[in-house]
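A.B. asks: Following this line is entry_5.txt, made up of compact mmCIF, C-alpha atoms:
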```txt
# COMPACT_ATOMS: atom_id res chain seq x y z
CA MET A 84 11.51 -40.40 -8.39
CA THR A 85 14.37 -39.81 -5.95
CA SER A 86 16.15 -43.01 -4.97
CA GLN A 87 15.82 -43.91 -1.32
CA ALA A 88 19.57 -44.39 -1.05
CA ALA A 89 20.08 -40.73 -1.82
CA VAL A 90 17.75 -39.59 0.95
CA VAL A 91 19.19 -39.02 4.42
CA ASP A 92 17.77 -38.21 7.83
CA VAL A 93 19.09 -34.83 8.95
CA GLN A 94 19.88 -36.28 12.37
CA SER A 95 22.49 -38.55 10.73
CA LEU A 96 24.42 -35.70 9.08
CA SER A 97 27.90 -34.96 10.42
CA ARG A 98 28.70 -31.48 11.70
CA ARG A 99 30.78 -30.85 8.55
CA ASP A 100 27.95 -31.91 6.23
CA THR A 101 25.49 -29.80 8.19
CA ILE A 102 27.70 -26.69 7.91
CA ILE A 103 28.21 -27.25 4.16
CA SER A 104 24.45 -27.64 3.71
CA ILE A 105 23.76 -24.44 5.65
CA LEU A 106 26.32 -22.56 3.52
CA ILE A 107 24.65 -23.74 0.30
CA ILE A 108 21.21 -22.76 1.60
CA GLY A 109 22.73 -19.40 2.60
CA VAL A 110 23.72 -18.83 -1.03
CA LEU A 111 20.15 -19.65 -2.05
CA PHE A 112 18.76 -17.09 0.39
CA PHE A 113 21.19 -14.50 -0.98
CA ILE A 114 19.79 -15.14 -4.46
CA PHE A 115 16.20 -14.97 -3.14
CA GLY A 116 16.99 -11.57 -1.68
CA PHE A 117 18.74 -10.21 -4.74
CA VAL A 118 15.91 -11.15 -7.10
CA SER A 119 13.08 -10.20 -4.71
CA TRP A 120 14.20 -6.87 -3.30
CA VAL A 121 15.15 -5.37 -6.65
CA ASN A 122 11.37 -4.81 -6.88
CA ALA A 123 11.86 -1.82 -4.56
CA ILE A 124 13.50 0.07 -7.42
CA LEU A 125 11.48 -1.59 -10.21
CA ILE A 126 8.20 -0.19 -8.82
CA PRO A 127 9.09 3.54 -9.13
CA TYR A 128 11.10 2.82 -12.30
CA PHE A 129 8.15 1.18 -14.08
CA LYS A 130 5.82 3.85 -12.73
CA ILE A 131 7.82 6.45 -14.67
CA ALA A 132 8.77 4.41 -17.75
CA CYS A 133 5.32 2.87 -18.30
CA GLU A 134 3.35 5.90 -17.01
CA LEU A 135 1.43 4.13 -14.25
CA THR A 136 -0.70 5.05 -11.24
CA SER A 137 0.46 4.01 -7.75
CA PHE A 138 -1.97 1.07 -7.81
CA GLN A 139 -0.72 -0.10 -11.22
CA SER A 140 2.92 0.19 -10.19
CA TYR A 141 2.35 -2.11 -7.20
CA LEU A 142 1.21 -4.81 -9.63
CA VAL A 143 4.97 -5.47 -9.82
CA ALA A 144 4.78 -6.94 -6.33
CA PHE A 145 1.41 -8.60 -7.07
CA ALA A 146 2.61 -10.41 -10.21
CA PHE A 147 5.82 -11.47 -8.50
CA TYR A 148 4.37 -12.82 -5.28
CA ILE A 149 0.96 -14.17 -6.36
CA SER A 150 2.92 -16.98 -7.98
CA TYR A 151 3.75 -18.22 -4.47
CA PHE A 152 0.04 -18.78 -3.83
CA ILE A 153 -0.42 -20.59 -7.13
CA MET A 154 2.78 -22.65 -7.16
CA SER A 155 3.56 -23.55 -3.54
CA VAL A 156 1.45 -26.70 -3.21
CA PRO A 157 2.37 -27.97 -6.70
CA ALA A 158 5.99 -27.29 -5.69
CA SER A 159 5.68 -29.69 -2.73
CA TYR A 160 4.49 -32.46 -5.05
CA LEU A 161 7.27 -31.63 -7.52
CA LEU A 162 9.87 -31.90 -4.77
CA LYS A 163 8.35 -35.18 -3.59
CA ALA A 164 8.45 -36.58 -7.13
CA VAL A 165 11.92 -35.50 -8.27
CA GLY A 166 13.72 -34.70 -5.03
CA PHE A 167 14.89 -31.45 -3.50
CA LYS A 168 17.98 -30.92 -5.65
CA LYS A 169 16.42 -31.53 -9.06
CA GLY A 170 13.37 -29.53 -7.96
CA MET A 171 15.59 -26.59 -7.04
CA MET A 172 17.31 -26.83 -10.43
CA PHE A 173 13.90 -26.51 -12.09
CA GLY A 174 13.20 -23.52 -9.84
CA PHE A 175 16.36 -21.75 -11.00
CA TRP A 176 15.50 -22.46 -14.63
CA ALA A 177 12.01 -21.01 -14.18
CA MET A 178 13.59 -17.86 -12.73
CA ALA A 179 15.99 -17.70 -15.68
CA THR A 180 13.04 -17.93 -18.09
CA GLY A 181 11.33 -15.04 -16.31
CA ALA A 182 14.46 -12.90 -16.52
CA PHE A 183 14.75 -13.57 -20.27
CA ILE A 184 11.12 -12.48 -20.74
CA PHE A 185 12.24 -8.97 -19.74
CA VAL A 186 14.07 -8.67 -23.08
CA PRO A 187 11.00 -8.67 -25.39
CA ALA A 188 9.07 -6.73 -22.74
CA ALA A 189 11.65 -3.94 -22.83
CA TYR A 190 11.78 -3.83 -26.63
CA THR A 191 8.01 -3.29 -26.79
CA ARG A 192 7.65 -1.33 -23.50
CA THR A 193 4.73 -3.59 -22.63
CA TYR A 194 4.00 -3.56 -18.90
CA GLU A 195 1.89 -6.74 -19.06
CA VAL A 196 4.84 -8.71 -20.50
CA PHE A 197 7.06 -7.42 -17.70
CA LEU A 198 4.45 -8.69 -15.25
CA LEU A 199 4.52 -12.11 -16.96
CA GLY A 200 8.29 -12.18 -16.52
CA LEU A 201 7.99 -11.28 -12.85
CA PHE A 202 5.30 -13.94 -12.38
CA THR A 203 7.59 -16.57 -13.94
CA ILE A 204 10.49 -15.53 -11.72
CA GLY A 205 8.12 -15.86 -8.76
CA ILE A 206 7.20 -19.42 -9.80
CA GLY A 207 10.85 -20.38 -9.66
CA LEU A 208 11.30 -18.72 -6.28
CA ALA A 209 8.21 -20.52 -4.92
CA ILE A 210 9.84 -23.86 -5.74
CA LEU A 211 13.15 -22.81 -4.19
CA GLN A 212 11.53 -21.37 -1.05
CA THR A 213 9.42 -24.51 -0.57
CA ALA A 214 12.64 -26.51 -0.52
CA ALA A 215 14.98 -24.14 1.33
CA ASN A 216 12.85 -23.15 4.33
CA PRO A 217 12.19 -26.69 5.60
CA TYR A 218 15.89 -27.44 5.10
CA ILE A 219 17.03 -24.64 7.37
CA THR A 220 14.21 -25.14 9.89
CA ILE A 221 15.00 -28.81 10.58
CA LEU A 222 18.75 -28.77 9.84
CA GLY A 223 19.74 -28.69 13.51
CA PRO A 224 18.20 -28.34 17.01
CA LYS A 225 14.65 -26.96 17.04
CA GLU A 226 15.45 -24.39 19.74
CA ARG A 227 18.10 -22.85 17.49
CA ALA A 228 15.89 -22.68 14.39
CA ALA A 229 15.38 -18.93 14.78
CA GLN A 230 19.15 -18.48 15.01
CA ARG A 231 19.72 -20.38 11.75
CA ILE A 232 16.87 -18.53 10.02
CA SER A 233 18.42 -15.25 11.21
CA ILE A 234 21.68 -16.21 9.47
CA MET A 235 19.69 -16.91 6.31
CA GLY A 236 17.95 -13.58 6.78
CA ILE A 237 21.29 -11.78 6.79
CA CYS A 238 22.16 -13.44 3.48
CA ASN A 239 18.74 -12.46 2.10
CA LYS A 240 18.77 -8.85 3.25
CA ALA A 241 22.45 -8.26 2.41
CA ALA A 242 21.49 -9.12 -1.17
CA GLY A 243 18.49 -6.84 -0.77
CA ILE A 244 20.77 -3.94 0.15
CA LEU A 245 22.93 -4.53 -2.91
CA ALA A 246 20.17 -5.24 -5.43
CA PRO A 247 18.44 -1.81 -5.63
CA LEU A 248 21.78 0.01 -5.52
CA LEU A 249 23.38 -2.12 -8.24
CA PHE A 250 20.25 -2.02 -10.37
CA ALA A 251 20.01 1.76 -9.97
CA ALA A 252 23.72 2.12 -10.82
CA VAL A 253 23.21 0.16 -14.04
CA ILE A 254 19.97 1.71 -15.29
CA LEU A 255 19.90 5.23 -13.82
CA ARG A 256 22.11 8.14 -14.88
CA PRO A 257 22.89 11.48 -13.20
CA THR A 258 20.97 13.29 -15.95
CA ASP A 259 17.78 11.30 -15.28
CA THR A 260 16.60 13.78 -12.65
CA ASP A 261 16.30 16.43 -15.35
CA LEU A 262 14.75 13.91 -17.74
CA PHE A 263 12.00 13.01 -15.26
CA LYS A 264 11.16 16.70 -14.83
CA GLN A 265 11.06 17.30 -18.59
CA LEU A 266 8.77 14.36 -19.44
CA ALA A 267 5.63 16.35 -18.61
CA THR A 268 6.58 19.11 -21.10
CA MET A 269 7.52 16.81 -23.99
CA ASN A 270 5.19 16.07 -26.90
CA ASP A 271 4.01 12.47 -27.37
CA LEU A 272 6.72 11.54 -29.87
CA GLU A 273 9.58 12.87 -27.74
CA ARG A 274 8.20 11.38 -24.55
CA ASN A 275 7.73 7.92 -26.09
CA ALA A 276 11.27 7.97 -27.49
CA ALA A 277 12.69 8.97 -24.09
CA LEU A 278 10.67 6.32 -22.25
CA ASP A 279 11.63 3.62 -24.78
CA GLU A 280 15.30 4.41 -24.21
CA LEU A 281 14.77 4.39 -20.44
CA ILE A 282 13.01 1.02 -20.30
CA ARG A 283 15.47 -0.72 -22.63
CA ARG A 284 18.23 -0.23 -20.10
CA VAL A 285 16.94 -3.35 -18.28
CA ILE A 286 17.76 -5.66 -21.21
CA VAL A 287 21.45 -6.29 -20.49
CA PRO A 288 21.06 -6.68 -16.70
CA TYR A 289 18.20 -9.16 -16.96
CA ALA A 290 19.75 -11.13 -19.81
CA THR A 291 22.84 -11.47 -17.61
CA VAL A 292 20.77 -12.47 -14.57
CA GLY A 293 18.92 -15.09 -16.63
CA SER A 294 22.18 -16.67 -17.78
CA VAL A 295 23.58 -16.75 -14.24
CA LEU A 296 20.40 -18.33 -12.85
CA PHE A 297 20.48 -21.08 -15.48
CA ILE A 298 24.07 -21.96 -14.54
CA LEU A 299 23.24 -21.86 -10.81
CA GLY A 300 20.50 -24.42 -11.39
CA LEU A 301 23.08 -26.87 -12.74
CA MET A 302 25.49 -26.09 -9.89
CA VAL A 303 22.87 -26.81 -7.20
CA PHE A 304 21.94 -30.09 -8.86
CA TYR A 305 25.57 -31.25 -8.78
CA SER A 306 26.29 -29.79 -5.32
CA PRO A 307 26.88 -31.94 -2.20
CA LEU A 308 23.57 -30.76 -0.69
CA PRO A 309 21.89 -33.90 0.71
CA GLU A 310 18.35 -35.04 0.04
CA ILE A 311 16.53 -34.79 3.38
CA ASN A 312 13.88 -37.08 4.85
CA THR A 313 10.84 -35.14 6.06
CA GLU A 314 8.49 -38.14 5.98
CA GLN A 315 9.86 -40.03 8.98
CA GLU A 316 8.17 -39.62 12.38
CA ASP A 317 9.25 -40.88 15.79
CA SER A 318 6.85 -43.21 17.61
CA SER A 319 5.19 -40.55 19.80
CA LEU A 320 4.71 -38.13 16.91
CA ALA A 321 3.40 -40.94 14.70
CA ALA A 322 0.87 -41.82 17.41
CA ASN A 323 -0.28 -38.20 17.78
CA ASN A 324 -0.67 -37.80 14.01
CA ALA A 325 -2.12 -41.26 13.37
CA GLY A 326 -5.65 -39.99 12.89
CA LYS A 327 -4.66 -36.92 10.90
CA LYS A 328 -5.63 -37.12 7.23
CA SER A 329 -5.59 -33.45 6.23
CA ILE A 330 -3.17 -30.58 6.65
CA PHE A 331 -6.14 -28.50 7.82
CA GLU A 332 -6.25 -30.57 11.01
CA PHE A 333 -3.27 -28.55 12.27
CA PRO A 334 -4.75 -25.19 13.34
CA HIS A 335 -1.40 -23.79 14.47
CA LEU A 336 -0.11 -24.29 10.91
CA ILE A 337 -3.08 -22.60 9.21
CA LEU A 338 -2.98 -19.69 11.66
CA GLY A 339 0.77 -19.53 11.04
CA ALA A 340 0.20 -19.27 7.28
CA ILE A 341 -2.07 -16.28 7.91
CA ALA A 342 0.67 -14.81 10.09
CA ILE A 343 3.18 -15.31 7.27
CA PHE A 344 0.75 -13.62 4.84
CA LEU A 345 0.46 -10.54 7.02
CA HIS A 346 4.12 -10.46 8.07
CA VAL A 347 5.55 -10.53 4.55
CA GLY A 348 2.95 -7.93 3.57
CA THR A 349 4.23 -5.56 6.27
CA GLN A 350 7.82 -6.26 5.25
CA VAL A 351 7.36 -5.59 1.54
CA ILE A 352 5.32 -2.44 2.24
CA ALA A 353 8.09 -1.09 4.48
CA ILE A 354 10.70 -1.68 1.77
CA ASP A 355 8.85 -1.20 -1.52
CA THR A 356 6.92 1.95 -0.54
CA VAL A 357 9.67 3.92 1.18
CA ILE A 358 10.98 5.40 -2.10
CA GLY A 359 7.50 6.66 -2.98
CA TYR A 360 7.13 8.07 0.53
CA ALA A 361 10.47 9.87 0.14
CA ASN A 362 9.30 11.22 -3.25
CA SER A 363 6.25 12.71 -1.51
CA MET A 364 8.67 14.75 0.61
CA GLY A 365 10.34 16.23 -2.47
CA ILE A 366 13.25 13.77 -2.58
CA ASP A 367 14.03 12.64 -6.15
CA LEU A 368 14.53 9.02 -7.19
CA LEU A 369 18.32 9.24 -7.40
CA GLU A 370 18.49 10.25 -3.71
CA ALA A 371 15.54 8.14 -2.52
CA LYS A 372 16.93 4.90 -3.98
CA VAL A 373 19.02 4.31 -0.83
CA PHE A 374 16.08 4.18 1.60
CA PRO A 375 15.21 0.50 0.95
CA SER A 376 18.84 -0.29 1.74
CA TYR A 377 18.55 1.55 5.05
CA THR A 378 15.50 -0.53 5.96
CA LEU A 379 17.29 -3.74 5.03
CA LEU A 380 20.39 -2.69 6.98
CA VAL A 381 18.25 -2.21 10.08
CA THR A 382 16.75 -5.65 9.38
CA ILE A 383 20.24 -7.17 9.32
CA CYS A 384 20.95 -5.54 12.69
CA GLY A 385 17.86 -7.32 14.00
CA TYR A 386 19.11 -10.64 12.66
CA ILE A 387 22.49 -10.13 14.34
CA LEU A 388 20.74 -9.43 17.64
CA GLY A 389 18.77 -12.62 17.15
CA ILE A 390 21.88 -14.69 16.49
CA ILE A 391 23.54 -13.32 19.64
CA THR A 392 20.58 -13.56 22.00
CA ILE A 393 18.49 -16.57 20.83
CA PRO A 394 18.20 -18.93 22.69
CA ARG A 395 21.01 -18.07 25.10
CA TYR A 396 19.38 -15.01 26.65
CA ILE A 397 15.81 -15.05 25.38
CA ARG A 398 13.43 -17.60 23.90
CA GLN A 399 12.61 -17.20 20.21
CA VAL A 400 8.87 -17.03 20.93
CA ASN A 401 9.43 -14.08 23.28
CA VAL A 402 11.45 -12.28 20.60
CA PHE A 403 8.53 -12.85 18.23
CA ARG A 404 6.18 -11.23 20.76
CA ILE A 405 8.44 -8.21 21.23
CA CYS A 406 8.75 -7.74 17.45
CA ALA A 407 4.97 -7.76 16.97
CA LEU A 408 4.58 -5.11 19.69
CA LEU A 409 7.36 -2.94 18.21
CA GLY A 410 5.81 -3.16 14.75
CA SER A 411 2.52 -1.81 16.11
CA LEU A 412 4.33 1.05 17.88
CA PHE A 413 6.41 2.06 14.83
CA THR A 414 3.30 2.03 12.62
CA LEU A 415 1.58 4.53 14.90
CA LEU A 416 4.71 6.70 14.89
CA ILE A 417 4.80 6.69 11.06
CA ILE A 418 1.28 8.06 11.02
CA PHE A 419 1.40 10.50 13.93
CA ALA A 420 5.05 11.60 14.35
CA SER A 421 6.04 14.69 12.36
CA GLY A 422 8.79 17.27 12.08
CA SER A 423 11.68 17.95 9.74
CA ILE A 424 14.98 16.21 10.48
CA THR A 425 18.35 15.98 8.73
CA PHE A 426 19.95 12.56 9.09
CA LEU A 427 22.53 10.73 6.94
CA GLY A 428 22.51 13.70 4.58
CA HIS A 429 18.74 13.57 3.97
CA THR A 430 16.34 16.31 5.08
CA THR A 431 12.99 14.57 5.56
CA ASP A 432 9.99 14.29 7.83
CA ILE A 433 10.95 12.16 10.84
CA SER A 434 8.17 9.68 10.06
CA ILE A 435 10.14 8.14 7.19
CA TRP A 436 12.76 6.93 9.65
CA PHE A 437 10.07 4.91 11.46
CA VAL A 438 9.35 3.21 8.11
CA VAL A 439 13.07 2.40 8.01
CA LEU A 440 12.95 1.19 11.63
CA LEU A 441 10.21 -1.31 10.75
CA GLY A 442 13.10 -3.40 9.49
CA LEU A 443 13.99 -4.16 13.13
CA PRO A 444 10.74 -5.87 14.27
CA ASN A 445 10.24 -7.39 10.82
CA SER A 446 13.63 -9.11 11.03
CA LEU A 447 12.74 -11.87 13.49
CA VAL A 448 9.03 -12.43 12.88
CA TRP A 449 9.65 -14.92 10.05
CA ALA A 450 12.11 -16.80 12.25
CA GLY A 451 9.52 -16.87 15.03
CA ILE A 452 6.65 -18.17 12.91
CA TRP A 453 8.28 -21.08 11.05
CA PRO A 454 9.34 -23.28 14.00
CA LEU A 455 5.99 -22.71 15.74
CA ALA A 456 3.93 -23.44 12.62
CA LEU A 457 5.89 -26.57 11.58
CA ASP A 458 5.94 -28.01 15.09
CA SER A 459 4.88 -31.68 15.23
CA LEU A 460 3.82 -31.93 11.57
CA GLY A 461 5.93 -35.02 10.91
CA ARG A 462 5.03 -36.54 7.53
CA PHE A 463 2.98 -33.41 6.76
CA THR A 464 6.10 -31.19 6.88
CA LYS A 465 6.55 -30.76 3.09
CA LEU A 466 2.90 -29.88 2.56
CA GLY A 467 2.91 -27.69 5.68
CA ALA A 468 5.90 -25.78 4.32
CA SER A 469 4.02 -25.30 1.06
CA ILE A 470 1.05 -23.84 2.94
CA LEU A 471 3.37 -21.40 4.69
CA ILE A 472 5.03 -20.46 1.40
CA MET A 473 1.55 -19.78 0.00
CA GLY A 474 1.37 -17.12 2.68
CA LEU A 475 4.04 -15.22 0.75
CA CYS A 476 1.27 -14.04 -1.56
CA GLY A 477 0.79 -11.42 1.17
CA ASN A 478 3.63 -9.70 -0.65
CA ALA A 479 1.29 -9.53 -3.65
CA ILE A 480 -1.93 -8.49 -1.92
CA MET A 481 -0.88 -6.07 0.81
CA PRO A 482 0.98 -3.55 -1.42
CA LEU A 483 -2.18 -3.29 -3.54
CA PHE A 484 -4.14 -2.26 -0.46
CA TYR A 485 -1.43 0.27 0.30
CA GLY A 486 -1.44 1.55 -3.30
CA TYR A 487 -5.25 1.81 -3.32
CA PHE A 488 -5.33 3.86 -0.13
CA ALA A 489 -2.33 5.93 -1.27
CA ASP A 490 -4.32 6.95 -4.37
CA LEU A 491 -7.51 7.42 -2.36
CA TYR A 492 -5.98 9.41 0.52
CA ASN A 493 -2.19 9.86 0.56
CA VAL A 494 0.97 7.79 0.90
CA ARG A 495 1.23 8.46 4.64
CA THR A 496 -2.34 7.62 5.63
CA ALA A 497 -2.03 4.38 3.63
CA TYR A 498 0.39 3.04 6.26
CA TRP A 499 -2.66 2.33 8.44
CA VAL A 500 -2.89 -0.99 6.58
CA LEU A 501 0.07 -2.19 8.67
CA PHE A 502 -1.61 -1.82 12.06
CA PRO A 503 -4.14 -4.71 11.94
CA CYS A 504 -1.37 -6.92 10.54
CA TYR A 505 0.78 -6.40 13.62
CA LEU A 506 -2.22 -6.93 15.90
CA TYR A 507 -2.77 -10.37 14.36
CA LEU A 508 0.93 -11.18 14.71
CA MET A 509 0.61 -10.34 18.41
CA TYR A 510 -2.32 -12.79 18.64
CA TYR A 511 -0.36 -15.60 16.98
CA ALA A 512 2.77 -14.95 19.05
CA PHE A 513 0.91 -15.01 22.37
CA TYR A 514 -1.86 -17.52 21.71
CA GLY A 515 -2.48 -18.69 18.13
CA HIS A 516 0.56 -20.97 17.87
CA LYS A 517 -0.71 -23.01 20.84
CA VAL A 518 -4.03 -23.96 19.21
CA ARG A 519 -4.07 -27.68 18.41
CA ARG A 520 -7.79 -28.18 17.80
CA TRP A 521 -10.35 -26.00 16.05
CA SER A 522 -12.88 -24.86 18.64
CA PHE A 523 -15.85 -26.05 16.58
CA GLU A 524 -14.53 -29.63 16.77
CA ASN A 525 -15.53 -29.70 20.42
CA ASN A 526 -19.14 -29.14 19.42
CA LEU A 527 -19.35 -31.93 16.84
```
Could the structure of this file be written out as structure tokens, please?
C.D. replies:
Amino acid sequence: MTSQAAVVDVQSLSRRDTIISILIIGVLFFIFGFVSWVNAILIPYFKIACELTSFQSYLVAFAFYISYFIMSVPASYLLKAVGFKKGMMFGFWAMATGAFIFVPAAYTRTYEVFLLGLFTIGIGLAILQTAANPYITILGPKERAAQRISIMGICNKAAGILAPLLFAAVILRPTDTDLFKQLATMNDLERNAALDELIRRVIVPYATVGSVLFILGLMVFYSPLPEINTEQEDSSLAANNAGKKSIFEFPHLILGAIAIFLHVGTQVIAIDTVIGYANSMGIDLLEAKVFPSYTLLVTICGYILGIITIPRYIRQVNVFRICALLGSLFTLLIIFASGSITFLGHTTDISIWFVVLLGLPNSLVWAGIWPLALDSLGRFTKLGASILIMGLCGNAIMPLFYGYFADLYNVRTAYWVLFPCYLYLMYYAFYGHKVRRWSFENNL
């Protein structure tokens, strides 16, 4: 159990300690991004190397993110029992274990073992996210929470830009374009030998990542990051929450968790499907690998706009509303806009650039939801954060819907799955976050 002497109230932190804490959390978000967004290249890579359908290939995202649903609430109890810092060390070690699992998976070219490794990495990330998001949400004035989360988002997405490019540079070769074309004409023995060689290229990168993650766990444990007190409530908040016995008595939190589920689903679809969409236009993997980075770069531009404008020029809730509206508009343009265009050296249908532009509205939705959903939770904050982190399983579920409809219809029509998600986000931004009592309670 964490000693009470080691726990501090964030309000008592000096400006220097607050800045140091934010920098450390920024490093964590960079790591989250690097490990998470490499899935954008893993999905098409595994589809080729393990000979998968679209639906099967999106099990990469499912295995990775379903762990958030399973582990988030246990993570809150782990953090309560051992403290934030030791809990985060365990999270890093779980991620390291998952990375090491890639080694036997690659030697046997067994997709299910890869999925186990991804699931284990996700468990570690669930623990880290459960700790890091409350930190950055309450580590300063509430009205600037979106600004701080935007800074974390830049760290996350900058890593996301680098991850697919670095991974592709390590595992892909200029001759692979010809190899991918020749696979269909090879006999079984030749094809299996080629695919075995292809998949084993992940061994060195993931063994290295596992070693680095293990060391980072130790570094976080011995870092100056303070233990924070999320159990204390002021007198008015304590009075309001006095009769509350269950986390489900906070409708704005539960509705916020649904919003997180749908938001992260739209975000991962925009990033993890764009390579496949480019492939459908005749663009090979070596050229298409940059499109997730374009989406993430646009997302970073959105974060920068948020840092500049929130709350000085516009309230964070109004930015959230604008983002939900833009997401709906860009989704319709993906489906209905058409015409060939040459941009940044790529000749594509114009609709793919609206997939890229989804990075803009997606950038500030997360920052809009967290402060609204955690508002007035007091002693329920840790558990509330866990419920929100559970919403990250939207990253697991939504790509499967996309993959199913991509197989059933086509990769473009499948983007319809985004539209109802943005409609719900509009509901939460305009009304849902204000709900403090379930309507049926009035009838009891």
A.B. asks: Between atom CA of Ile114 of chain A and atom CA of Tyr360 of chain A, what is the distance in Å, rounded to a tenth?
C.D. replies: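 Computing it gives 26.9 Å between the two atoms.
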A.B. asks: So, with only C-alpha atoms as the atoms that count, which of A:Tyr386, A:Gly474, A:Asp432, A:Ala340 lies closest to Leu455 of chain A?
C.D. replies: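 Closest to Leu455 of chain A of all the choices is A:Ala340.
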A.B. asks: Between atom CA of Ile153 of chain A and atom CA of Ala512 of chain A, what is the distance in Å, rounded to a tenth?
C.D. replies: 27.0 Å
A.B. asks: Might you pull out every residue within 9 Å of Phe374 of chain A, with all atoms listed in the file counted and same-chain residues fewer than 5 positions away left off, and present them as a tab-separated table (two decimals) with C-alpha atoms, keeping the file's coordinate frame?
C.D. replies:
```
chain	number	residue	atom	x	y	z
A	354	ILE	CA	10.70	-1.68	1.77
A	357	VAL	CA	9.67	3.92	1.18
A	358	ILE	CA	10.98	5.40	-2.10
A	361	ALA	CA	10.47	9.87	0.14
A	379	LEU	CA	17.29	-3.74	5.03
A	439	VAL	CA	13.07	2.40	8.01
```
A.B. asks: Which residue, A:Ser155, A:Asn445, A:Gln139, A:Thr258, has the smallest gap to Leu508 of chain A when you use only C-alpha atoms?
C.D. replies: A:Asn445
A.B. asks: For a test of reading the model, state the distance in Å between atom CA of Val448 of chain A and atom CA of His516 of chain A, rounded to one decimal.
C.D. replies: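 Those two atoms sit 13.0 Å apart.
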A.B. asks: Of the candidates A:Gly461, A:Gly293, A:Gly410, A:Pro482, which one gets nearest to Asn122 of chain A if we count only C-alpha atoms?
C.D. replies: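 Among the listed residues, the smallest separation from Asn122 of chain A belongs to A:Pro482.
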A.B. asks: Let me make sure I understand: among A:Ser434, A:Ser363, A:Ser421, A:Thr349, which one has the smallest atom-to-atom distance to Leu501 of chain A if we use only C-alpha atoms?
C.D. replies: A:Thr349
A.B. asks: List the neighbours of Phe113 of chain A out to 6 Å using only C-alpha atoms; skip same-chain residues closer than 6 positions along the sequence, and give me the result as a VMD selection string.
C.D. replies: chain A and resid 238 to 239 242
A.B. asks: I need every residue sitting at most 12 Å from the point (19.0, -1.4, -23.0) (coordinates as in the file, only C-alpha atoms considered), written as a list of chain:residue names.
C.D. replies: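 Residues with an atom at most 12 Å from (19.0, -1.4, -23.0): A:Phe185, A:Val186, A:Pro187, A:Ala188, A:Ala189, A:Tyr190, A:Thr191, A:Arg192, A:Val253, A:Ile254, A:Leu255, A:Leu278, A:Asp279, A:Glu280, A:Leu281, A:Ile282, A:Arg283, A:Arg284, A:Val285, A:Ile286, A:Val287, A:Pro288, A:Tyr289, A:Ala290.
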A.B. asks: Every residue with an atom at most 8 Å from (-2.8, -26.2, 13.1) (file coordinates; all atoms listed in the file) is what I'm after, so could you write them as a VMD selection string?
C.D. replies: chain A and resid 330 to 339 456 516 518 to 520
A.B. asks: With all atoms listed in the file as the counted atoms, please give the residues lying no more than 8 Å from Ile108 of chain A, apart from itself and same-chain residues fewer than 6 positions off, as a PDB file with C-alpha atoms, in the frame of the given file.
C.D. replies:
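The resulting selection-v6.pdb:
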```pdb
ATOM      1  CA  ALA A 215      14.980 -24.140   1.330  1.00  0.00           C
ATOM      2  CA  TYR A 218      15.890 -27.440   5.100  1.00  0.00           C
ATOM      3  CA  ILE A 219      17.030 -24.640   7.370  1.00  0.00           C
ATOM      4  CA  MET A 235      19.690 -16.910   6.310  1.00  0.00           C
TER       5      MET A 235
END
```
A.B. asks: May I ask which of the residues A:Phe263, A:Phe147, A:Phe463, A:Phe437 is the closest one to Ser159 of chain A, counting all atoms listed in the file?
C.D. replies: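 Of A:Phe263, A:Phe147, A:Phe463, A:Phe437, the one nearest Ser159 of chain A is A:Phe463, counting all atoms listed in the file.
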A.B. asks: Have a look at A:Val110, A:Lys240, A:Trp176, A:Arg98 and name the one nearest to Phe297 of chain A; count only C-alpha atoms.
C.D. replies: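 Comparing A:Val110, A:Lys240, A:Trp176, A:Arg98 against Phe297 of chain A, the winner is A:Trp176.
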